[in-house]
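Inspection log for the structure reproduced underneath, given as structure tokens.
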Amino acid sequence: MSTAGGPGRSPGRLDVRIDHKAFRSADGAESEVLRGLAFALAPGSFTCLIGPSGCGKTTTLRIILGLDRDFAGAVTPEPPGLRMAAVFQEPRLLPWRTVEQNVRLALPPQERIPAAGDLDRLFAVLGLAELRQRYPGELSLGLERRVALARAFAVMPDLLLLDEPFVSLDEHTADRLRAHLLELWQAQSATVLMVTHNVREAARLADRLLLLNGRPARLVGDVAVPLPRGARSGDALGRFLATLAREHPETVLA
Amino acid sequence: MPPLPLRLISIVAFLALWAALAALAARSEVPGPLAVVDFLTREAADGELFYHLSITLARVAAAFVIAMAIGTAVGVLMGQHRRLDRLLDPWIILLINIPALVVIVLCYIWIGLTEAAAVTAVALNKIPNVVVTLREGARALDPRLMEMARVFRFSRLSLLRHVVLPQLFPFIAAAGRSGLALIWKIVLVVELLGRANGVGFQIHLYFQLFDVAAILGYALAFVCIMLLIEFVVVQPLETHVNRWRPGAVSRAA
């Protein structure tokens, strides 16, 4: 797992190397959460980062997003070099702005003008066309998550980071949103890194699974998902998950 | 808002009580509502009333704008930077506890009996309150929204306008409300001590003449102006800014 090649020229390629990341608690004690974590994401790929809760997945994502710079290592290219978007665990919408304003505010300044009709398709795909003038407080959690997805895709990101974007939704709603995510990703060919502890979800969406475990956490597995996306259901998916669980019992069953 | 008739009954009851007490006292130092209205019509007719009211209103406005601007800026900075907070906190405590009268007298002595000294004295009295309120607001800023804005590369201006200010608005409104009430009371003291016009000066004048109807007349006239500002400026603004809150529409209706 080396980060050979240096900064990739192709947009969306990302090299992540976290040699050491620790948090200091209030009493001054230091606890190391990540050590020697390194991986590269190919442009246009869909990768899921899997691991038990509290193992450092979100921390990894925050480092890549440039929200946490207190670590030893490097992320190349650094955030300004890539157009990035994120979907957080909570929707993180501005409650005092409408659905449409929330999406437009994330766009680069010259693209914010309401005259541009380019958001119509995105809102239509996500079923938000009727809700553009609503405020987030009037929406259900599922709808707010859709707005967060719309905001992320509106940016046309090179790199899209998602942190458990479908937790605490009912399975039906989560499934529809997963389908929307795949549809939009395939249309835009962004590089996607999604954090989840739901292995089934990861195996259905991703090209590649990165398994994170231990304390401090490191990569314990790097698994390509061999099945075509159309065939990821029923027995085939079950067999893949069973193999995965056998090979990585601590991470996948955790 | 409660139904209007109840408010109307309350106001009428107040006036009736006042009239009854005045009639009971039957002395010139306790004028009834009619005597006050009579004074106000005379004072309004020769233009005195509006001249002094507008002078005082201008001083209130100037001190208010200065105090809110400086207080908000300092308060937000103190709420965001812990070291600055520790550095300036003793000053704020000092300033908040100095009696208004001392600040006014010192301003007049050091700056002179000028308009600038009057407005500075009033603003200095209000600034620490605004700082303390806005510091709480800045401490309560949601870091999750700030991170979102960073990831999506909001410009400084749109961060301020779309993320920070809407979160600070309830604190600005609270500081503004209490500020307006406090400021106009202090402005009267400033006028009494060192100005030759304004409501405070008039009240001082009529105090020397023992003319209670005039004193009450000026006080009531200014209270009415403040109520007008509340209903015409503050409340509509609040309804507009809070339109996103669930239930805001039904509350306003």
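Here, A, B, ... name the chains of the structure tokens in the order displayed, residue numbers run from 1 inside each chain, and ligands are numbered from 1 in the same displayed order.
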
Problem set entry | Residues of chain A within 12 Å of chain B, counting only C-alpha atoms, as JSON, numbers by chain | {"A": [61, 62, 63, 64, 65, 66, 67, 68, 79, 80, 82, 83, 84, 85, 86, 87, 88, 89, 90, 91, 92, 93, 94, 95, 96, 97, 98, 99, 101, 102, 103, 104, 105, 106, 107, 108, 109, 110, 112, 133, 134, 135, 136, 137, 138, 139, 148, 151, 152, 153, 154, 155, 156, 157, 159, 160, 161]}

Please save C-alpha atoms of the selected residues as a PDB file, in the first residue's frame.
```
ATOM      1  CA  LEU A  61     -13.016  11.650   6.259  1.00  0.00           C
ATOM      2  CA  ARG A  62     -12.551  14.916   8.159  1.00  0.00           C
ATOM      3  CA  ILE A  63      -8.824  14.831   7.428  1.00  0.00           C
ATOM      4  CA  ILE A  64      -9.483  14.339   3.707  1.00  0.00           C
ATOM      5  CA  LEU A  65     -12.017  17.192   3.779  1.00  0.00           C
ATOM      6  CA  GLY A  66      -9.390  19.471   5.310  1.00  0.00           C
ATOM      7  CA  LEU A  67     -11.499  19.984   8.446  1.00  0.00           C
ATOM      8  CA  ASP A  68      -8.841  18.430  10.676  1.00  0.00           C
ATOM      9  CA  PRO A  79      -8.498  20.350  -0.727  1.00  0.00           C
ATOM     10  CA  PRO A  80      -8.187  23.450  -2.959  1.00  0.00           C
ATOM     11  CA  LEU A  82     -10.094  19.324  -6.021  1.00  0.00           C
ATOM     12  CA  ARG A  83     -13.688  20.307  -6.244  1.00  0.00           C
ATOM     13  CA  MET A  84     -15.090  18.579  -3.197  1.00  0.00           C
ATOM     14  CA  ALA A  85     -18.512  17.943  -1.799  1.00  0.00           C
ATOM     15  CA  ALA A  86     -19.653  16.156   1.306  1.00  0.00           C
ATOM     16  CA  VAL A  87     -22.771  14.554   2.685  1.00  0.00           C
ATOM     17  CA  PHE A  88     -22.548  14.474   6.458  1.00  0.00           C
ATOM     18  CA  GLN A  89     -24.266  12.168   8.928  1.00  0.00           C
ATOM     19  CA  GLU A  90     -26.718  14.955   9.740  1.00  0.00           C
ATOM     20  CA  PRO A  91     -28.053  16.847   6.709  1.00  0.00           C
ATOM     21  CA  ARG A  92     -26.435  20.137   7.875  1.00  0.00           C
ATOM     22  CA  LEU A  93     -28.769  22.362   5.914  1.00  0.00           C
ATOM     23  CA  LEU A  94     -29.174  26.051   6.731  1.00  0.00           C
ATOM     24  CA  PRO A  95     -32.619  26.084   8.372  1.00  0.00           C
ATOM     25  CA  TRP A  96     -33.165  29.774   7.455  1.00  0.00           C
ATOM     26  CA  ARG A  97     -32.690  29.211   3.739  1.00  0.00           C
ATOM     27  CA  THR A  98     -35.020  27.396   1.354  1.00  0.00           C
ATOM     28  CA  VAL A  99     -34.203  24.055  -0.215  1.00  0.00           C
ATOM     29  CA  GLN A 101     -31.066  28.417  -1.669  1.00  0.00           C
ATOM     30  CA  ASN A 102     -29.311  25.704   0.325  1.00  0.00           C
ATOM     31  CA  VAL A 103     -28.302  24.005  -2.900  1.00  0.00           C
ATOM     32  CA  ARG A 104     -27.350  27.193  -4.744  1.00  0.00           C
ATOM     33  CA  LEU A 105     -25.236  28.550  -1.898  1.00  0.00           C
ATOM     34  CA  ALA A 106     -22.923  25.558  -2.227  1.00  0.00           C
ATOM     35  CA  LEU A 107     -22.207  26.421  -5.872  1.00  0.00           C
ATOM     36  CA  PRO A 108     -19.236  28.532  -6.928  1.00  0.00           C
ATOM     37  CA  PRO A 109     -20.337  32.215  -6.938  1.00  0.00           C
ATOM     38  CA  GLN A 110     -20.718  32.629 -10.701  1.00  0.00           C
ATOM     39  CA  ARG A 112     -25.472  30.818  -8.141  1.00  0.00           C
ATOM     40  CA  GLN A 133     -39.259  26.901  -1.854  1.00  0.00           C
ATOM     41  CA  ARG A 134     -39.720  24.983   1.404  1.00  0.00           C
ATOM     42  CA  TYR A 135     -37.557  25.439   4.457  1.00  0.00           C
ATOM     43  CA  PRO A 136     -35.656  22.443   5.890  1.00  0.00           C
ATOM     44  CA  GLY A 137     -37.696  22.553   9.103  1.00  0.00           C
ATOM     45  CA  GLU A 138     -40.759  21.588   7.078  1.00  0.00           C
ATOM     46  CA  LEU A 139     -39.133  18.432   5.700  1.00  0.00           C
ATOM     47  CA  ALA A 148     -28.013  17.238   1.208  1.00  0.00           C
ATOM     48  CA  ARG A 151     -26.352  20.026  -2.712  1.00  0.00           C
ATOM     49  CA  ALA A 152     -23.400  17.658  -3.022  1.00  0.00           C
ATOM     50  CA  PHE A 153     -24.147  16.700  -6.640  1.00  0.00           C
ATOM     51  CA  ALA A 154     -25.016  20.244  -7.688  1.00  0.00           C
ATOM     52  CA  VAL A 155     -21.377  21.144  -7.137  1.00  0.00           C
ATOM     53  CA  MET A 156     -20.361  18.525  -9.766  1.00  0.00           C
ATOM     54  CA  PRO A 157     -17.564  17.416  -7.453  1.00  0.00           C
ATOM     55  CA  LEU A 159     -14.457  14.019  -5.073  1.00  0.00           C
ATOM     56  CA  LEU A 160     -17.585  13.242  -3.083  1.00  0.00           C
ATOM     57  CA  LEU A 161     -17.285  12.164   0.537  1.00  0.00           C
TER      58      LEU A 161
END
```

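Once segment 203-208 of chain B and its same-chain neighbours fewer than 6 positions away are set aside, Leu192, Ala214, Ile215 and Tyr218 of chain B remain within 8 Å of it when counting only C-alpha atoms.
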
Got time to write the residues from that selection, N, CA and C atoms, as a CSV table (one decimal), in the first residue's frame?
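Result file follows (result07.csv):
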```csv
chain,number,residue,atom,x,y,z
B,192,LEU,N,-30.1,66.2,30.3
B,192,LEU,CA,-30.3,66.9,31.6
B,192,LEU,C,-29.0,67.6,32.1
B,214,ALA,N,-46.4,68.6,32.2
B,214,ALA,CA,-45.4,68.7,31.1
B,214,ALA,C,-44.4,67.5,31.1
B,215,ILE,N,-43.9,67.2,32.4
B,215,ILE,CA,-43.0,66.1,32.5
B,215,ILE,C,-43.6,64.8,32.0
B,218,TYR,N,-44.0,64.8,28.1
B,218,TYR,CA,-42.8,64.5,27.3
B,218,TYR,C,-42.5,63.0,27.4
```

For this session: Tell me, as number ranges by chain, which residues lie within 8 Å of Asn125 of chain B, counting only C-alpha atoms; anything in the same chain fewer than 5 positions away does not count.
Result: B: 95-96, 100, 103

Keeping only N, CA and C atoms, write the selected residues as a short mmCIF file (atom, residue, chain, number, x, y, z; two decimals), in the first residue's frame.
```
data_model
loop_
_atom_site.label_atom_id
_atom_site.label_comp_id
_atom_site.auth_asym_id
_atom_site.auth_seq_id
_atom_site.Cartn_x
_atom_site.Cartn_y
_atom_site.Cartn_z
N LEU B 95 -16.52 47.95 32.85
CA LEU B 95 -17.37 48.90 32.13
C LEU B 95 -18.85 48.70 32.47
N ILE B 96 -19.23 47.42 32.64
CA ILE B 96 -20.64 47.12 32.90
C ILE B 96 -21.03 47.59 34.29
N ALA B 100 -23.73 54.72 35.13
CA ALA B 100 -23.94 55.52 33.93
C ALA B 100 -23.57 56.98 34.18
N VAL B 103 -19.81 57.71 33.85
CA VAL B 103 -19.36 57.73 32.46
C VAL B 103 -19.77 59.05 31.80
#
```

Problem set entry | Spatial neighbours of segment 25-35 of chain A, max dist 7 Å, only C-alpha atoms, sep filter under 4 positions, as a PyMOL selection string | chain A and resi 18-21+56+215-218

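For Ala138 of chain B, the set of protein, DNA and RNA residues having any atom at most 9 Å away, when counting only C-alpha atoms and skipping those fewer than 5 positions along the same chain, is Gly75, Val76, Leu77, Met78, Gly79, Gln80, Thr133, Val164, Gln167 and Leu168 of chain B.
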
Please, could you write that set of residues out with N, CA and C atoms as a CSV table (one decimal), in the first residue's frame?
```csv
chain,number,residue,atom,x,y,z
B,75,GLY,N,-18.1,41.5,20.7
B,75,GLY,CA,-18.7,40.3,21.3
B,75,GLY,C,-18.5,39.1,20.5
B,76,VAL,N,-18.6,39.2,19.1
B,76,VAL,CA,-18.4,38.0,18.3
B,76,VAL,C,-17.0,37.6,18.3
B,77,LEU,N,-16.1,38.6,18.3
B,77,LEU,CA,-14.6,38.2,18.4
B,77,LEU,C,-14.3,37.5,19.7
B,78,MET,N,-14.9,38.1,20.8
B,78,MET,CA,-14.6,37.5,22.1
B,78,MET,C,-15.2,36.1,22.2
B,79,GLY,N,-16.4,35.9,21.6
B,79,GLY,CA,-17.0,34.6,21.6
B,79,GLY,C,-16.2,33.5,20.8
B,80,GLN,N,-15.5,34.0,19.8
B,80,GLN,CA,-14.8,33.1,18.9
B,80,GLN,C,-13.4,32.8,19.3
B,133,THR,N,-24.1,39.9,25.4
B,133,THR,CA,-25.1,39.1,24.7
B,133,THR,C,-24.6,38.5,23.4
B,164,VAL,N,-23.5,32.8,9.6
B,164,VAL,CA,-23.3,33.4,10.9
B,164,VAL,C,-24.4,34.4,11.3
B,167,GLN,N,-27.7,33.0,12.6
B,167,GLN,CA,-27.6,32.4,13.9
B,167,GLN,C,-27.5,33.4,15.0
B,168,LEU,N,-26.9,34.6,14.7
B,168,LEU,CA,-26.7,35.6,15.7
B,168,LEU,C,-28.0,36.5,15.8
```

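One distance worth recording is that between atom CA of Arg59 of chain B and atom CA of Leu209 of chain B, which is 25.3 Å.
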